[in-house]
Amino acid sequence: MRKKLISLLTVLALIVVLAPAPVKISAASITNHGLYKLINRGSGKAMEVYDHSHDNGANVSQWSDWGGDCQLWRFVSVGNGYYQIINANSGRALEVHGWSTEDGGNIVQWQNLNNYNQHWRIEDLGNGYIQLKNRHSGKVAEVYDFSNDNGANICQWTDWDGVYQQWSLVKVSPSSTTVNSTIVVKSGEVFDGKGRTYIAGSALGDGSQKEGQKPVFKLEHGATLKNVVLGAPAADGIHTYGDAYLSNIVWLDIGEDALTIKESGTVTLNGGAAYKGSDKVFQINAASTFNLYNFVANDAGKLIRQLGGSTFHVNVNIDSCDISDMDEAIFRTDSSTSRVTMTNTLYSNVGRKWYGVKHVTEYNNTEY
């Protein structure tokens, strides 16, 4: 019965007038730091992670486009024309669950393992629409059973060129903002940049390795920062004072440091990327726990540096990241008590890997 509807629905799609759509872009226009919506051609609804979930295995469905973080996606190239598709809300990757190759195999989110069932080819159809083709199964993402309902499931199916297998790729393009005075996110507050790019004005610094530059953002204890892109220059990036949660933060140019932990706390950065650093990406200046999840870091001296000469205790947890081209190390410390745990992470060309670290736990990591 399902396939008998194909011809009829394809014909109807040519005559039904859908709601006006935002400007669509091609696969060739994708950038690693951009945020995108995926709008289904048949239903006119957006792909999202259901119920804002952060859990592994959370279902991916469609819903009316309301601009929520769980409807925003970041594309990270893994080479050979394939991408990981990372949810802006959870920092987790779109995948075909259980390595299924069957029609109807479910599409969910999962931590970034960089497996082939998390790789997608973005195929332009030449009519303003794309298909998402899974690298492992060779099947494409579609809205199941031609549904127009909110909450309808998204699964994989053999490519039959139906409109429910076609998507508009819509870039979320907020304006850039020049920051002339540090933006302070107070305790308990949530600052949502909605994908906007923030550039440091001359009063904050020039993004060089010169000391004394000011941060673009200061996070007080218990603050949350999400969906922010830091452009060039980024001065001294982001400073945290106590516990902080950061989600989907992208540094186009790391500047002096991307993020500095200034006072003790637990700082979690879930999702995002950082590029082009002369020295370290993250600096830890106080006894802390630093959690780095679902993150891409490329081209710097080292990923994480504990304050030189310090002996206080630091816990570093790295999970589901992609780390490449670090001249010196992933983590450098002078403390004999500091610890690092790295899991489910890809790395390449990272110098000595651990510099001065006495306590290392790692498993399920891959050098490429």
# chains A, B, ... in the order shown; residues from 1 in each chain; ligands from 1

$ residues_around --residues "Leu307 in chain A" --least-positions-apart "2" --cutoff "12 Å" --atoms "only C-alpha atoms" --output "ChimeraX atom specification"
/A:260-262,280,282-288,304-305,309-314,331-335,338

$ residues_around --residues "Asp253 in chain A" --least-positions-apart "4" --cutoff "9 Å" --atoms "only C-alpha atoms" --output "MDAnalysis selection string"
chainID A and resid 207 230:234 258 274:277

$ write_last_selection --atoms "N, CA and C atoms" --output "PDB file, in the first residue's frame"
ATOM      1  N   GLY A 207      43.344  39.933  19.644  1.00  0.00           N
ATOM      2  CA  GLY A 207      43.354  38.498  19.394  1.00  0.00           C
ATOM      3  C   GLY A 207      44.734  37.908  19.208  1.00  0.00           C
ATOM      4  N   LEU A 230      32.383  33.089  17.822  1.00  0.00           N
ATOM      5  CA  LEU A 230      33.346  34.156  18.043  1.00  0.00           C
ATOM      6  C   LEU A 230      34.196  34.310  16.805  1.00  0.00           C
ATOM      7  N   GLY A 231      34.117  35.509  16.206  1.00  0.00           N
ATOM      8  CA  GLY A 231      34.879  35.787  14.999  1.00  0.00           C
ATOM      9  C   GLY A 231      36.255  36.327  15.328  1.00  0.00           C
ATOM     10  N   ALA A 232      36.924  36.855  14.305  1.00  0.00           N
ATOM     11  CA  ALA A 232      38.265  37.410  14.507  1.00  0.00           C
ATOM     12  C   ALA A 232      38.204  38.938  14.412  1.00  0.00           C
ATOM     13  N   PRO A 233      38.811  39.626  15.410  1.00  0.00           N
ATOM     14  CA  PRO A 233      39.517  39.051  16.555  1.00  0.00           C
ATOM     15  C   PRO A 233      38.542  38.642  17.667  1.00  0.00           C
ATOM     16  N   ALA A 234      38.995  37.689  18.495  1.00  0.00           N
ATOM     17  CA  ALA A 234      38.187  37.231  19.624  1.00  0.00           C
ATOM     18  C   ALA A 234      38.787  37.651  20.964  1.00  0.00           C
ATOM     19  N   ALA A 258      40.843  30.563  23.733  1.00  0.00           N
ATOM     20  CA  ALA A 258      39.404  30.456  23.462  1.00  0.00           C
ATOM     21  C   ALA A 258      38.600  30.633  24.741  1.00  0.00           C
ATOM     22  N   ALA A 274      36.753  24.929  17.437  1.00  0.00           N
ATOM     23  CA  ALA A 274      37.725  26.010  17.576  1.00  0.00           C
ATOM     24  C   ALA A 274      38.841  25.799  16.558  1.00  0.00           C
ATOM     25  N   TYR A 275      39.237  26.876  15.904  1.00  0.00           N
ATOM     26  CA  TYR A 275      40.219  26.811  14.832  1.00  0.00           C
ATOM     27  C   TYR A 275      41.273  27.919  14.993  1.00  0.00           C
ATOM     28  N   LYS A 276      42.486  27.660  14.512  1.00  0.00           N
ATOM     29  CA  LYS A 276      43.528  28.674  14.314  1.00  0.00           C
ATOM     30  C   LYS A 276      43.980  29.317  15.620  1.00  0.00           C
ATOM     31  N   GLY A 277      44.744  28.558  16.408  1.00  0.00           N
ATOM     32  CA  GLY A 277      45.302  29.103  17.636  1.00  0.00           C
ATOM     33  C   GLY A 277      46.812  29.081  17.618  1.00  0.00           C
TER      34      GLY A 277
END

$ residues_around --residues "Phe75 in chain A" --least-positions-apart "5" --cutoff "9 Å" --atoms "only C-alpha atoms" --output "number ranges by chain"
A: 30-36, 83-86

$ residues_around --residues "Thr345 in chain A" --least-positions-apart "6" --cutoff "9 Å" --atoms "only C-alpha atoms" --output "PDB file with C-alpha atoms, in the first residue's frame"
ATOM      1  CA  ASN A 112      29.874  11.572  18.271  1.00  0.00           C
ATOM      2  CA  LEU A 113      31.683   8.297  17.482  1.00  0.00           C
ATOM      3  CA  ASN A 114      32.493   9.240  13.877  1.00  0.00           C
ATOM      4  CA  ASN A 294      31.286  16.635  21.093  1.00  0.00           C
ATOM      5  CA  ILE A 318      37.195  14.598  26.949  1.00  0.00           C
ATOM      6  CA  ASP A 319      34.486  12.621  25.166  1.00  0.00           C
ATOM      7  CA  SER A 320      33.367  12.256  21.547  1.00  0.00           C
ATOM      8  CA  CYS A 321      35.710  14.930  20.199  1.00  0.00           C
ATOM      9  CA  ASP A 322      37.808  15.355  17.040  1.00  0.00           C
ATOM     10  CA  ILE A 323      41.240  16.836  17.832  1.00  0.00           C
ATOM     11  CA  TYR A 363      39.496   3.995  25.898  1.00  0.00           C
ATOM     12  CA  ASN A 364      37.777   3.691  22.522  1.00  0.00           C
ATOM     13  CA  ASN A 365      39.896   6.451  20.981  1.00  0.00           C
ATOM     14  CA  THR A 366      41.130   6.362  17.386  1.00  0.00           C
ATOM     15  CA  GLU A 367      44.239   7.926  15.859  1.00  0.00           C
TER      16      GLU A 367
END

$ atom_distance --atom1 "CA of Ile122 in chain A" --atom2 "CA of Glu142 in chain A"
13.6 Å

$ atom_distance --atom1 "CA of Trp251 in chain A" --atom2 "CA of Leu72 in chain A"
17.9 Å

$ select_by_dssp --residues "range 181-263 of chain A" --states "strand (DSSP E or B)" --output "PyMOL selection string"
chain A and resi 183-185+190-192+197-200+217-219+223-230+238-241+244-251+259-263

$ atom_distance --atom1 "CA of Glu123 in chain A" --atom2 "CA of Ala93 in chain A"
18.7 Å

$ closest_residue --among "A:Gly195, A:Gly126, A:Gly42, A:Gly205" --to "Ser181 in chain A" --atoms "only C-alpha atoms"
A:Gly205

$ closest_residue --among "A:Val316, A:Leu346, A:Ile249, A:Leu269" --to "Val360 in chain A" --atoms "only C-alpha atoms"
A:Val316

$ residues_around --residues "His221 in chain A" --least-positions-apart "4" --cutoff "8 Å" --atoms "only C-alpha atoms" --output "MDAnalysis selection string"
chainID A and resid 186:188 240:244 265

$ select_by_dssp --residues "range 85-302 of chain A" --states "helix (DSSP H, G or I)" --output "ChimeraX atom specification"
/A:97-99,116-118,144-146,163-165

$ write_last_selection --atoms "C-alpha atoms" --output "PDB file, in the first residue's frame"
ATOM      1  CA  HIS A  97      20.320   3.426  14.902  1.00  0.00           C
ATOM      2  CA  GLY A  98      21.870  -0.012  15.358  1.00  0.00           C
ATOM      3  CA  TRP A  99      23.743   0.152  12.044  1.00  0.00           C
ATOM      4  CA  TYR A 116      29.914   5.396   9.139  1.00  0.00           C
ATOM      5  CA  ASN A 117      26.303   5.270  10.346  1.00  0.00           C
ATOM      6  CA  GLN A 118      26.885   8.870  11.517  1.00  0.00           C
ATOM      7  CA  TYR A 144       7.884   8.002   7.445  1.00  0.00           C
ATOM      8  CA  ASP A 145       4.572   7.179   5.786  1.00  0.00           C
ATOM      9  CA  PHE A 146       4.342  10.584   4.036  1.00  0.00           C
ATOM     10  CA  VAL A 163       9.293  14.611  -1.888  1.00  0.00           C
ATOM     11  CA  TYR A 164       9.309  13.266   1.677  1.00  0.00           C
ATOM     12  CA  GLN A 165      12.947  12.308   1.045  1.00  0.00           C
TER      13      GLN A 165
END

$ closest_residue --among "A:Gly201, A:Trp160, A:Val340, A:Gly193" --to "Thr178 in chain A" --atoms "only C-alpha atoms"
A:Gly201

$ residues_around --residues "range 57-63 of chain A" --least-positions-apart "4" --cutoff "8 Å" --atoms "only C-alpha atoms" --output "PyMOL selection string"
chain A and resi 45-50+53+97+107-110+143+149-154

$ write_last_selection --atoms "C-alpha atoms" --output "short mmCIF file (atom, residue, chain, number, x, y, z; two decimals), in the first residue's frame"
data_model
loop_
_atom_site.label_atom_id
_atom_site.label_comp_id
_atom_site.auth_asym_id
_atom_site.auth_seq_id
_atom_site.Cartn_x
_atom_site.Cartn_y
_atom_site.Cartn_z
CA LYS A 45 8.24 20.84 8.69
CA ALA A 46 11.64 20.93 10.36
CA MET A 47 13.83 18.03 11.44
CA GLU A 48 14.35 18.08 15.20
CA VAL A 49 15.45 16.02 18.19
CA TYR A 50 12.19 15.20 19.94
CA SER A 53 16.50 15.54 24.56
CA HIS A 97 20.32 3.43 14.90
CA ILE A 107 17.24 7.77 12.77
CA VAL A 108 18.26 9.01 16.22
CA GLN A 109 20.95 11.09 17.88
CA TRP A 110 24.02 9.61 19.56
CA VAL A 143 9.53 11.37 6.84
CA ASP A 149 1.93 15.57 11.43
CA ASN A 150 4.04 17.11 14.17
CA GLY A 151 6.07 14.35 15.79
CA ALA A 152 6.10 12.11 12.71
CA ASN A 153 9.14 9.83 12.67
CA ILE A 154 12.17 10.27 10.44
#
